[in-house]
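Structure file upload-v3.csv with CSV, C-alpha atoms and all ligand atoms:
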chain,number,residue,atom,x,y,z
A,1,MET,CA,174.4,283.4,177.2
A,2,LYS,CA,171.2,281.8,176.1
A,3,LYS,CA,171.9,279.5,173.1
A,4,SER,CA,169.4,279.8,170.2
A,5,SER,CA,166.8,277.1,170.0
A,6,SER,CA,166.8,277.3,166.2
A,7,PRO,CA,168.7,274.4,164.5
A,8,LEU,CA,169.8,276.8,161.7
A,9,LEU,CA,171.3,279.3,164.1
A,10,ASN,CA,173.1,276.6,166.1
A,11,PHE,CA,174.6,275.2,162.9
A,12,GLN,CA,175.7,278.7,162.1
A,13,PHE,CA,177.4,279.0,165.5
A,14,ILE,CA,179.3,275.8,164.8
A,15,THR,CA,180.4,276.7,161.3
A,16,GLY,CA,181.3,280.2,162.3
A,17,VAL,CA,179.1,282.0,159.8
A,18,ILE,CA,177.8,284.0,162.8
A,19,PRO,CA,180.5,285.3,165.1
A,20,SER,CA,180.6,283.5,168.4
A,21,GLY,CA,178.9,285.4,171.2
A,22,TRP,CA,176.2,286.6,168.8
A,23,LYS,CA,172.9,286.4,170.5
A,24,GLY,CA,170.4,287.0,167.7
A,25,THR,CA,168.1,289.6,166.3
A,26,LYS,CA,165.3,291.2,168.3
A,27,SER,CA,162.5,293.6,167.4
A,28,LEU,CA,161.1,295.7,170.2
A,29,ILE,CA,158.3,298.2,170.1
A,30,LEU,CA,157.7,301.2,172.4
A,31,LEU,CA,154.0,301.8,173.4
A,32,GLY,CA,152.3,304.0,175.9
A,33,THR,CA,150.4,307.3,176.1
A,34,GLY,CA,151.9,310.7,175.2
A,35,GLU,CA,155.0,311.9,176.9
A,36,GLY,CA,155.9,308.6,178.4
A,37,GLY,CA,159.5,308.9,177.2
A,38,LYS,CA,159.3,306.5,174.2
A,39,THR,CA,161.1,308.8,171.8
A,40,THR,CA,163.7,309.7,174.4
A,41,PHE,CA,164.3,306.0,175.0
A,42,GLN,CA,164.8,305.3,171.3
A,43,ARG,CA,167.1,308.4,170.9
A,44,GLN,CA,169.2,307.2,173.8
A,45,ILE,CA,169.7,303.7,172.3
A,46,TYR,CA,170.5,305.0,168.8
A,47,HIS,CA,173.0,307.5,170.1
A,48,LEU,CA,174.8,305.3,172.6
A,49,LYS,CA,177.9,305.3,170.6
A,50,ASN,CA,177.7,308.7,169.0
A,51,GLN,CA,176.4,311.6,171.0
A,52,GLU,CA,177.3,314.2,168.4
A,53,LEU,CA,174.6,316.0,166.3
A,54,ASN,CA,175.4,316.8,162.7
A,55,THR,CA,174.9,320.2,161.2
A,56,LYS,CA,171.5,319.3,159.7
A,57,GLU,CA,170.3,317.9,163.0
A,58,ARG,CA,171.5,320.9,164.9
A,59,HIS,CA,169.6,323.2,162.6
A,60,LYS,CA,166.4,321.2,162.8
A,61,TYR,CA,166.4,320.7,166.5
A,62,ALA,CA,167.4,324.4,167.2
A,63,GLU,CA,164.1,325.3,165.5
A,64,THR,CA,162.1,322.8,167.6
A,65,ILE,CA,163.7,323.8,170.9
A,66,GLN,CA,163.4,327.5,170.3
A,67,TYR,CA,159.8,327.3,169.3
A,68,SER,CA,159.0,325.2,172.4
A,69,ILE,CA,160.7,327.7,174.8
A,70,PHE,CA,158.9,330.7,173.3
A,71,ASN,CA,155.6,328.9,173.1
A,72,ASN,CA,155.9,327.7,176.7
A,73,LEU,CA,156.7,331.2,177.8
A,74,LYS,CA,153.6,332.4,176.0
A,75,THR,CA,151.5,329.7,177.6
A,76,ILE,CA,152.8,330.6,181.1
A,77,THR,CA,152.4,334.4,180.7
A,78,GLU,CA,148.8,333.8,179.5
A,79,HIS,CA,148.0,331.8,182.6
A,80,PRO,CA,145.5,333.6,185.0
A,81,SER,CA,147.8,333.2,188.0
A,82,VAL,CA,150.6,335.2,186.3
A,83,VAL,CA,150.0,338.9,187.0
A,84,LEU,CA,152.2,341.2,185.0
A,85,ASN,CA,152.7,345.0,185.2
A,86,SER,CA,151.9,347.1,182.1
A,87,GLU,CA,155.4,347.0,180.7
A,88,LEU,CA,155.6,343.2,180.9
A,89,LYS,CA,152.1,342.8,179.7
A,90,LYS,CA,153.1,344.7,176.5
A,91,LEU,CA,156.1,342.4,176.2
A,92,ALA,CA,154.0,339.3,176.7
A,93,SER,CA,151.6,340.4,174.0
A,94,GLU,CA,154.5,341.1,171.6
A,95,LEU,CA,155.8,337.6,172.3
A,96,ALA,CA,152.3,336.0,171.8
A,97,SER,CA,151.9,337.9,168.5
A,98,LEU,CA,155.3,336.7,167.2
A,99,VAL,CA,154.6,333.1,168.2
A,100,ASP,CA,151.2,333.2,166.6
A,101,GLN,CA,152.7,334.7,163.4
A,102,TYR,CA,155.3,332.0,163.3
A,103,VAL,CA,152.7,329.2,163.7
A,104,ASP,CA,150.3,330.9,161.2
A,105,SER,CA,153.2,331.1,158.6
A,106,ARG,CA,153.6,327.3,159.1
A,107,PHE,CA,157.0,327.8,160.7
A,108,ASP,CA,158.4,330.0,158.1
A,109,HIS,CA,162.1,330.9,158.5
A,110,SER,CA,161.6,334.7,158.4
A,111,HIS,CA,159.1,334.6,161.2
A,112,ARG,CA,161.3,332.4,163.2
A,113,GLU,CA,164.1,335.0,162.8
A,114,LYS,CA,161.9,337.8,164.1
A,115,LEU,CA,161.1,335.7,167.2
A,116,VAL,CA,164.6,334.8,167.8
A,117,ASN,CA,165.9,338.3,167.3
A,118,GLN,CA,163.6,339.4,170.1
A,119,GLY,CA,164.6,336.5,172.3
A,120,PRO,CA,166.9,338.3,174.7
A,121,ILE,CA,164.3,341.0,175.3
A,122,PHE,CA,161.8,338.3,176.6
A,123,GLN,CA,164.3,337.3,179.3
A,124,LYS,CA,162.5,339.9,181.5
A,125,LEU,CA,159.4,337.7,181.4
A,126,VAL,CA,161.4,334.5,182.3
A,127,ASP,CA,162.7,336.3,185.3
A,128,HIS,CA,159.3,337.5,186.6
A,129,HIS,CA,158.6,335.9,189.9
A,130,HIS,CA,155.1,334.7,189.0
A,131,VAL,CA,156.5,333.1,185.8
A,132,ARG,CA,159.2,331.4,187.9
A,133,GLU,CA,156.6,330.1,190.3
A,134,VAL,CA,154.8,328.4,187.5
A,135,ILE,CA,158.0,326.9,186.1
A,136,GLU,CA,159.1,325.6,189.5
A,137,SER,CA,155.7,324.3,190.7
A,138,CYS,CA,154.1,322.9,187.7
A,139,GLU,CA,152.4,320.2,189.8
A,140,LEU,CA,150.0,322.9,191.0
A,141,TYR,CA,148.9,323.6,187.4
A,142,PRO,CA,147.9,320.1,186.2
A,143,GLN,CA,146.1,321.5,183.2
A,144,LEU,CA,148.9,323.6,181.9
A,145,HIS,CA,150.5,321.9,178.8
A,146,LEU,CA,154.1,322.8,178.5
A,147,THR,CA,156.4,320.9,176.2
A,148,GLY,CA,159.9,319.4,176.6
A,149,ASP,CA,162.0,319.6,179.8
A,150,TYR,CA,160.9,323.3,180.2
A,151,LYS,CA,162.6,323.7,183.5
A,152,TYR,CA,165.9,322.8,182.0
A,153,PHE,CA,165.3,324.9,178.9
A,154,PHE,CA,164.3,328.0,180.9
A,155,LYS,CA,167.5,327.5,183.0
A,156,HIS,CA,169.4,327.8,179.7
A,157,TYR,CA,167.3,330.5,178.3
A,158,THR,CA,170.1,332.9,177.5
A,159,ARG,CA,172.0,330.3,175.5
A,160,ILE,CA,168.9,329.1,173.6
A,161,ALA,CA,166.9,332.2,172.9
A,162,CYS,CA,169.4,333.7,170.5
A,163,LYS,CA,170.5,333.6,166.9
A,164,GLU,CA,173.7,331.7,167.5
A,165,TYR,CA,172.0,328.8,169.3
A,166,GLN,CA,173.4,325.3,168.6
A,167,PRO,CA,171.7,322.5,170.5
A,168,THR,CA,173.9,320.1,172.4
A,169,PHE,CA,173.1,316.4,172.8
A,170,GLU,CA,171.7,317.1,176.3
A,171,ASP,CA,169.3,319.6,174.8
A,172,PHE,CA,168.3,317.1,172.1
A,173,LYS,CA,167.4,314.5,174.8
A,174,ARG,CA,165.2,316.9,176.5
A,175,MET,CA,163.3,318.3,173.6
A,176,GLN,CA,159.8,317.1,172.9
A,177,LEU,CA,158.2,316.5,169.5
A,178,LYS,CA,155.0,314.4,169.6
A,179,THR,CA,155.6,311.4,167.5
A,180,VAL,CA,153.4,311.0,164.5
A,181,GLY,CA,153.0,307.6,163.0
A,182,VAL,CA,155.2,304.6,163.6
A,183,ILE,CA,159.0,305.1,163.4
A,184,LYS,CA,160.9,301.9,162.9
A,185,GLY,CA,164.5,302.4,163.8
A,186,GLU,CA,167.4,300.9,161.8
A,187,GLU,CA,168.9,297.7,163.0
A,188,VAL,CA,171.7,298.4,165.4
A,189,GLU,CA,174.2,296.3,167.4
A,190,PHE,CA,173.6,296.2,171.1
A,191,GLU,CA,175.5,293.9,173.5
A,192,ASN,CA,175.9,291.2,170.8
A,193,TYR,CA,172.3,291.5,169.6
A,194,LYS,CA,171.1,293.1,166.5
A,195,ILE,CA,168.0,295.1,167.6
A,196,THR,CA,165.4,297.2,166.0
A,197,ILE,CA,163.4,299.6,168.1
A,198,THR,CA,160.1,300.9,166.8
A,199,ASP,CA,158.8,304.2,168.3
A,200,THR,CA,155.1,305.0,168.2
A,201,GLY,CA,153.0,308.0,168.9
A,202,GLY,CA,151.1,308.0,172.2
A,203,GLN,CA,148.5,310.7,171.7
A,204,ARG,CA,145.0,309.3,171.2
A,205,ASN,CA,144.9,309.7,167.4
A,206,GLU,CA,148.3,308.1,167.1
A,207,ARG,CA,147.4,305.0,169.1
A,208,LYS,CA,145.1,303.9,166.3
A,209,LYS,CA,148.2,303.1,164.4
A,210,TRP,CA,149.6,300.6,166.9
A,211,ALA,CA,147.6,297.7,165.5
A,212,LYS,CA,149.5,297.9,162.2
A,213,ALA,CA,152.8,298.3,163.9
A,214,LEU,CA,152.1,295.2,166.1
A,215,SER,CA,151.4,293.1,163.0
A,216,GLN,CA,155.1,293.2,162.3
A,217,ARG,CA,157.5,290.9,164.1
A,218,THR,CA,157.6,291.9,167.8
A,219,ASP,CA,159.7,290.1,170.3
A,220,ALA,CA,158.7,292.4,173.2
A,221,ILE,CA,156.6,295.4,174.0
A,222,LEU,CA,158.0,298.1,176.3
A,223,PHE,CA,155.0,299.9,177.7
A,224,MET,CA,156.3,303.3,178.9
A,225,VAL,CA,154.5,305.1,181.7
A,226,SER,CA,155.4,308.6,183.0
A,227,MET,CA,155.4,308.7,186.8
A,228,ARG,CA,155.0,312.4,186.6
A,229,GLU,CA,151.6,312.2,185.0
A,230,ALA,CA,149.9,311.3,188.3
A,231,PHE,CA,149.8,315.1,188.6
A,232,GLN,CA,148.9,316.0,185.1
A,233,MET,CA,145.7,316.1,183.1
A,234,CYS,CA,145.3,314.7,179.6
A,235,TYR,CA,146.2,316.8,176.6
A,236,GLU,CA,143.0,315.7,174.9
A,237,ASP,CA,140.7,315.9,177.9
A,238,HIS,CA,141.5,318.5,180.6
A,239,GLU,CA,139.3,316.8,183.1
A,240,LEU,CA,141.0,313.3,182.9
A,241,ASN,CA,144.1,312.5,184.9
A,242,ARG,CA,146.9,311.2,182.6
A,243,SER,CA,147.8,308.2,184.9
A,244,LYS,CA,144.2,306.9,184.7
A,245,GLU,CA,144.2,307.3,180.9
A,246,THR,CA,147.4,305.3,180.7
A,247,ILE,CA,146.1,302.5,182.9
A,248,ASP,CA,143.0,302.3,180.7
A,249,CYS,CA,145.2,302.3,177.6
A,250,PHE,CA,147.2,299.4,179.0
A,251,GLN,CA,144.1,297.5,179.8
A,252,GLU,CA,142.9,298.0,176.2
A,253,LEU,CA,146.2,296.8,174.9
A,254,LEU,CA,146.0,293.6,176.9
A,255,SER,CA,142.6,292.9,175.4
A,256,LEU,CA,143.9,292.9,171.8
A,257,GLU,CA,144.2,289.5,170.2
A,258,TYR,CA,147.4,290.2,168.4
A,259,VAL,CA,149.2,291.2,171.6
A,260,ASN,CA,148.5,287.7,173.1
A,261,ASN,CA,151.7,285.9,174.1
A,262,CYS,CA,154.0,288.9,173.4
A,263,PRO,CA,156.2,289.6,176.4
A,264,ILE,CA,155.4,293.0,177.9
A,265,PHE,CA,157.8,295.1,180.1
A,266,VAL,CA,156.3,298.0,181.9
A,267,VAL,CA,158.9,300.9,182.1
A,268,PHE,CA,158.0,303.6,184.5
A,269,THR,CA,159.8,306.8,183.5
A,270,LYS,CA,160.4,310.3,185.0
A,271,THR,CA,161.1,308.9,188.4
A,272,ASP,CA,163.3,312.0,188.9
A,273,LEU,CA,160.3,314.3,188.3
A,274,LEU,CA,158.0,312.4,190.6
A,275,GLU,CA,160.7,312.5,193.4
A,276,GLU,CA,161.0,316.3,192.9
A,277,VAL,CA,157.3,316.8,193.2
A,278,LEU,CA,156.9,314.6,196.2
A,279,LYS,CA,159.8,316.4,198.0
A,280,LYS,CA,157.9,319.7,197.8
A,281,ARG,CA,154.8,318.1,199.6
A,282,LYS,CA,152.4,320.5,197.8
A,283,VAL,CA,150.2,317.8,196.3
A,284,SER,CA,149.3,314.4,197.6
A,285,PHE,CA,149.3,311.2,195.6
A,286,ASN,CA,145.9,310.0,197.0
A,287,SER,CA,144.2,313.1,195.5
A,288,THR,CA,144.7,311.2,192.2
A,289,PHE,CA,144.2,307.7,193.5
A,290,PRO,CA,141.9,307.8,196.6
A,291,GLU,CA,142.3,304.1,197.0
A,292,TYR,CA,146.0,304.6,197.8
A,293,LYS,CA,146.5,304.0,201.5
A,294,GLY,CA,150.3,304.4,201.7
A,295,ASP,CA,152.5,307.4,202.5
A,296,ASN,CA,151.7,310.2,200.1
A,297,TYR,CA,155.3,311.3,199.9
A,298,SER,CA,157.1,307.9,199.8
A,299,ILE,CA,158.4,307.2,196.3
A,300,GLU,CA,159.0,303.5,197.1
A,301,GLU,CA,155.4,303.0,198.3
A,302,ILE,CA,154.0,304.8,195.3
A,303,LYS,CA,156.2,302.7,193.0
A,304,SER,CA,154.8,299.5,194.6
A,305,PHE,CA,151.3,300.7,194.3
A,306,MET,CA,151.7,301.5,190.6
A,307,LYS,CA,153.4,298.1,190.0
A,308,GLU,CA,150.5,296.3,191.6
A,309,LYS,CA,147.9,298.4,189.6
A,310,TYR,CA,149.4,297.2,186.4
A,311,GLN,CA,149.9,293.6,187.7
A,312,SER,CA,146.3,293.4,188.7
A,313,LEU,CA,145.2,293.9,185.1
A,314,ASP,CA,147.5,291.2,183.7
A,315,SER,CA,145.4,288.0,184.0
A,316,ASN,CA,147.4,286.3,181.3
A,317,LYS,CA,150.7,287.0,183.0
A,318,GLN,CA,152.2,288.8,180.0
A,319,ILE,CA,154.2,291.3,182.1
A,320,LYS,CA,157.7,289.9,182.3
A,321,GLY,CA,159.3,292.8,184.2
A,322,PHE,CA,159.0,296.3,185.7
A,323,PHE,CA,161.5,299.1,185.5
A,324,PHE,CA,161.7,302.5,187.1
A,325,ILE,CA,164.0,304.8,185.2
A,326,ASN,CA,165.0,308.3,184.4
A,327,THR,CA,165.1,308.1,180.6
A,328,LEU,CA,167.4,311.1,180.4
A,329,ILE,CA,170.2,308.9,181.9
A,330,SER,CA,171.8,306.8,179.1
A,331,LYS,CA,172.9,304.1,181.5
A,332,GLU,CA,169.5,303.5,182.9
A,333,VAL,CA,168.1,303.1,179.4
A,334,SER,CA,170.8,300.7,178.3
A,335,ASP,CA,170.6,298.6,181.5
A,336,THR,CA,166.8,298.3,181.0
A,337,LEU,CA,167.3,297.2,177.4
A,338,GLN,CA,169.9,294.7,178.4
A,339,LYS,CA,167.6,293.2,181.1
A,340,VAL,CA,164.7,293.0,178.6
A,341,LEU,CA,166.9,291.3,176.0
A,342,GLU,CA,168.1,288.7,178.6
A,343,GLN,CA,164.5,287.7,179.2
A,344,ILE,CA,163.1,287.3,175.7
B,1,LIG,N1,163.1,314.6,183.6
B,1,LIG,C1,162.8,313.6,182.8
B,1,LIG,N2,162.3,313.9,181.5
B,1,LIG,C2,162.0,312.9,180.7
B,1,LIG,C3,162.1,311.5,181.1
B,1,LIG,N3,161.7,310.8,180.0
B,1,LIG,C4,161.3,311.7,179.1
B,1,LIG,N4,161.5,312.9,179.5
B,1,LIG,C5,161.1,314.2,178.7
B,1,LIG,O1,159.7,314.2,178.5
B,1,LIG,C6,159.4,314.7,177.3
B,1,LIG,C7,158.5,313.7,176.5
B,1,LIG,O2,159.3,312.6,176.2
B,1,LIG,P1,159.1,311.8,174.8
B,1,LIG,O3,160.2,310.8,174.8
B,1,LIG,O4,159.0,312.8,173.7
B,1,LIG,O5,157.7,311.1,175.0
B,1,LIG,P2,156.9,310.1,174.0
B,1,LIG,O6,156.5,309.0,174.8
B,1,LIG,O7,157.7,309.9,172.8
B,1,LIG,O8,155.7,311.1,173.6
B,1,LIG,P3,154.7,310.9,172.3
B,1,LIG,O9,155.6,311.0,171.1
B,1,LIG,O10,153.9,312.2,172.3
B,1,LIG,O11,153.9,309.7,172.4
B,1,LIG,C8,160.7,315.0,176.6
B,1,LIG,O12,161.0,316.4,176.7
B,1,LIG,C9,161.7,314.2,177.3
B,1,LIG,O13,163.0,314.8,177.4
B,1,LIG,C10,162.6,311.2,182.4
B,1,LIG,O14,162.7,310.1,182.8
B,1,LIG,N5,162.9,312.3,183.2
B,2,MG,MG,157.5,310.3,170.9
Now that the file is in, can you turn its structure into structure tokens?
Ligand SMILES: Nc1nc2c(ncn2[C@@H]2O[C@H](COP(=O)(O)OP(=O)(O)OP(=O)(O)O)[C@@H](O)[C@H]2O)c(=O)[nH]1
Ligand SMILES: [Mg+2]
Amino acid sequence: MKKSSSPLLNFQFITGVIPSGWKGTKSLILLGTGEGGKTTFQRQIYHLKNQELNTKERHKYAETIQYSIFNNLKTITEHPSVVLNSELKKLASELASLVDQYVDSRFDHSHREKLVNQGPIFQKLVDHHHVREVIESCELYPQLHLTGDYKYFFKHYTRIACKEYQPTFEDFKRMQLKTVGVIKGEEVEFENYKITITDTGGQRNERKKWAKALSQRTDAILFMVSMREAFQMCYEDHELNRSKETIDCFQELLSLEYVNNCPIFVVFTKTDLLEEVLKKRKVSFNSTFPEYKGDNYSIEEIKSFMKEKYQSLDSNKQIKGFFFINTLISKEVSDTLQKVLEQI
């Protein structure tokens, strides 16, 4: 255990005001471009002890997940590579109209009910072989913007697309809701520390709010980078690869005066999804990074390349560590956090 360098804290250890073993208070902030896993990381930490959702949460998240599954299905069925027969075309247009009405009504409850009541009928669309192809090989459609862990949600379509649906904690971890603003979590105990984790939005508009968030006490920045995004285009610019946008974003972050001296940890996420894509050998990594000379299907070589890319930008040596994780696995998240806390 690192003993505090603060005389006041050391006095408190001796007098017993603070329980022995207590390691201090730390404030961490999660930064990175959209869909890097920031919110998932924060959710995991705040639910380490209690993985139950209360009634209010179940209701709220059921709406988000159901909307996401229907909207993803609409997006896929509208994709030019998906060719439907006349019966399914009619079904797809009914789905599209119900989704649009729900959005136009600003997510009014009665419109949601209409959509959910039809949910089981749309199963035919989910089972269509072209739709399945898109779901299974999303790396071939880098400009298609689907939300959440859609593969998982489609696998559970029957359970989700119905009136009785109650989200589980597994569903909750996999749902996606773009973060708007800066969400400072409550102080929680973690391995004898009291920590606060601040989540931020990673979309372009949201990044403007980082400066204010960073003006608060920050003991470390966790810069979250999705490994999957090497094969995805930006939400805001369909011609720009997401990995490149994230690298530029990191470079910009390092140039900010108020980030000076703050330890940074680069957390590469979605290693599971990258592995899945590489195994299929349908797309090659050097199509995104032509300067990459390693094996296009070797996850280890790709990890080293990415690590070096970030390291090469860090002339001030602010990066204190790199991690490669699957954010959906609680233990990988808590191990990362523990290692970060040991170093700051
Ligand atoms: N398979 C897999 N899915 C992940 C992983 N990390 C996050 N996800 C999923 O990716 C989606 C986006 O994750 P978020 O945590 O919402 O991303 P974010 O960085 O908060 O995104 P913004 O709020 O838009 O900035 C969610 O559906 C997550 O469940 C991972 O390591 N593996
Ligand atoms: Mg978020």
>> Could you list the protein, DNA and RNA residues that have any atom within 6 Å of ligand LIG 1 (chain B), counting only C-alpha atoms and all ligand atoms, and write them as a list in words?
In response: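 Listing the residues within 6 Å of ligand LIG 1 (chain B) gives Thr33, Gly34, Glu35, Gly36, Gly37, Lys38, Thr39, Thr40, Gly148, Asp149, Lys173, Arg174, Met175, Gln176, Leu177, Lys178, Thr179, Gly201, Gly202, Gln203, Thr269, Lys270, Thr271, Asp272, Leu273, Ile325, Asn326, Thr327 and Leu328 of chain A.
Within the 12 Å cut-off around Glu301 (chain A), using all atoms listed in the file and omitting residues fewer than 6 positions from it on the same chain, the listed residues are Glu275, Leu278, Phe285, Asn286, Tyr292, Lys293, Gly294, Asp295, Lys307 and Glu308 of chain A.
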>> To one decimal place in Å, what is the distance between CA of Leu91 (chain A) and CA of His128 (chain A)?
In response: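 Rounded to one decimal, the two atoms are 11.9 Å apart.
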>> Could you list, as a list in words, every residue within 9 Å of Phe169 (chain A), counting all atoms listed in the file and ignoring same-chain residues fewer than 6 positions away?
In response: Gln51, Glu52 and Leu53 of chain A
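Using all atoms listed in the file, the shortest contact distance between ligand MG 2 (chain B) and any of A:Thr200, A:Ser68, A:Gln44, A:Thr75 is found at A:Thr200.
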>> For a quick check of your reading of the model, name the residues lying within 10 Å of the coordinate (152.3, 310.1, 182.0), counting all atoms listed in the file, and write them as a PyMOL selection string.
In response: chain A and resi 32-37+224-234+241-247+268-270
>> Can you tell me which residues surround region 129-145 of chain A at a distance of at most 9 Å, considering all atoms listed in the file, apart from same-chain residues fewer than 4 positions away, and format the answer as a list in words?
In response: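 Non-adjacent residues within range: Asn72, Leu73, Thr75, Ile76, Thr77, His79, Ser81, Val82, Val83, Leu84, Leu125, Tyr150, Lys151, Phe154, Arg228, Glu229, Phe231, Gln232, Met233, Cys234, Tyr235, His238, Glu239, Asn241, Val277, Lys280, Lys282 and Val283 of chain A.
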>> I need the residue nearest Ala62 (chain A) from this list: A:Pro167, A:Ile29, A:Tyr46, A:Cys162. Use only C-alpha atoms for the distance.
In response: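 Checking each of A:Pro167, A:Ile29, A:Tyr46, A:Cys162 against Ala62 (chain A), counting only C-alpha atoms, the winner is A:Pro167.
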>> So that I can check the surroundings of region 92-106 of chain A, please list as a list in words every protein, DNA and RNA residue that reaches within 8 Å of it, counting all atoms listed in the file and ignoring chain neighbours fewer than 6 positions away.
In response: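 Close residues of region 92-106 of chain A: Tyr67, Phe70, Asn71, Lys74, Thr77, Arg112, Lys114, Leu115, Phe122 and Leu125 of chain A.
In this model, the gap between CA of Leu222 (chain A) and CA of Asn50 (chain A) comes to 23.5 Å.
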>> With distances taken over all atoms listed in the file, which residue among A:Ile329, A:Lys155, A:Ser86, A:Gln42 lies nearest Ile197 (chain A)?
In response: A:Gln42
>> Please compute the CA of Lys23 (chain A)-atom MG of ligand MG 2 (chain B) distance, one decimal, in Å.
In response: 28.4 Å
> Which one of A:Arg204, A:Asp108, A:Val182, A:Ala211 sits closest to Asp237 (chain A) if you count only C-alpha atoms?
Replying inline: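 Closest to Asp237 (chain A) of all the choices is A:Arg204.
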> When distances are computed from only C-alpha atoms, which of A:Lys317, A:Cys249, A:Gln311, A:Leu274 shows the smallest separation from Ile299 (chain A)?
Replying inline: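 Looking at the shortest contact to Ile299 (chain A), the residue is A:Leu274.
Distance annotation: of A:Ile302, A:Ile45, A:Ile319, A:Ile65, the residue with the minimal separation from Phe223 (chain A) is A:Ile319; atom set is only C-alpha atoms.
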Around all of region 194-205 of chain A's listed atoms, make the axis-aligned box with 6 Å on each side and tell me centre and edge lengths in Å to one decimal, as JSON.
{"center_x": 158.0, "center_y": 301.9, "center_z": 169.1, "size_x": 38.2, "size_y": 29.6, "size_z": 18.2}
Starting from the incomplete input, reconstruct all heavy atoms of region 51-56 of chain A and report them as a CSV table (one decimal), keeping the file's coordinate frame.
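Written output follows (selection_23.csv):
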chain,number,residue,atom,x,y,z
A,51,GLN,N,177.3,310.6,170.4
A,51,GLN,CA,176.4,311.6,171.0
A,51,GLN,C,176.6,312.9,170.4
A,51,GLN,O,176.4,314.0,171.0
A,51,GLN,CB,176.5,311.6,172.5
A,51,GLN,CG,176.3,310.2,173.1
A,51,GLN,CD,175.6,310.3,174.5
A,51,GLN,OE1,175.9,311.2,175.2
A,51,GLN,NE2,174.8,309.3,174.8
A,52,GLU,N,177.1,312.9,169.1
A,52,GLU,CA,177.3,314.2,168.4
A,52,GLU,C,176.1,314.4,167.5
A,52,GLU,O,175.6,313.5,166.8
A,52,GLU,CB,178.5,314.1,167.5
A,52,GLU,CG,179.8,314.1,168.3
A,52,GLU,CD,180.1,315.3,169.1
A,52,GLU,OE1,179.9,316.4,168.5
A,52,GLU,OE2,180.5,315.3,170.3
A,53,LEU,N,175.7,315.7,167.3
A,53,LEU,CA,174.6,316.0,166.3
A,53,LEU,C,175.3,316.5,165.1
A,53,LEU,O,176.3,317.3,165.2
A,53,LEU,CB,173.7,317.0,166.9
A,53,LEU,CG,172.9,316.6,168.2
A,53,LEU,CD1,172.1,317.8,168.7
A,53,LEU,CD2,172.0,315.4,168.0
A,54,ASN,N,174.8,316.2,163.9
A,54,ASN,CA,175.4,316.8,162.7
A,54,ASN,C,174.8,318.1,162.5
A,54,ASN,O,173.8,318.5,163.1
A,54,ASN,CB,175.4,315.8,161.5
A,54,ASN,CG,173.9,315.5,161.2
A,54,ASN,OD1,173.1,316.3,161.2
A,54,ASN,ND2,173.7,314.2,160.8
A,55,THR,N,175.3,318.8,161.5
A,55,THR,CA,174.9,320.2,161.2
A,55,THR,C,173.4,320.3,160.9
A,55,THR,O,172.7,321.1,161.4
A,55,THR,CB,175.7,320.8,160.0
A,55,THR,OG1,177.0,320.4,160.2
A,55,THR,CG2,175.5,322.2,159.9
A,56,LYS,N,172.9,319.3,160.1
A,56,LYS,CA,171.5,319.3,159.7
A,56,LYS,C,170.6,319.1,160.9
A,56,LYS,O,169.6,319.8,161.1
A,56,LYS,CB,171.3,318.1,158.7
A,56,LYS,CG,170.1,318.3,157.9
A,56,LYS,CD,170.0,317.3,156.8
A,56,LYS,CE,168.5,316.9,156.5
A,56,LYS,NZ,168.4,315.6,155.9
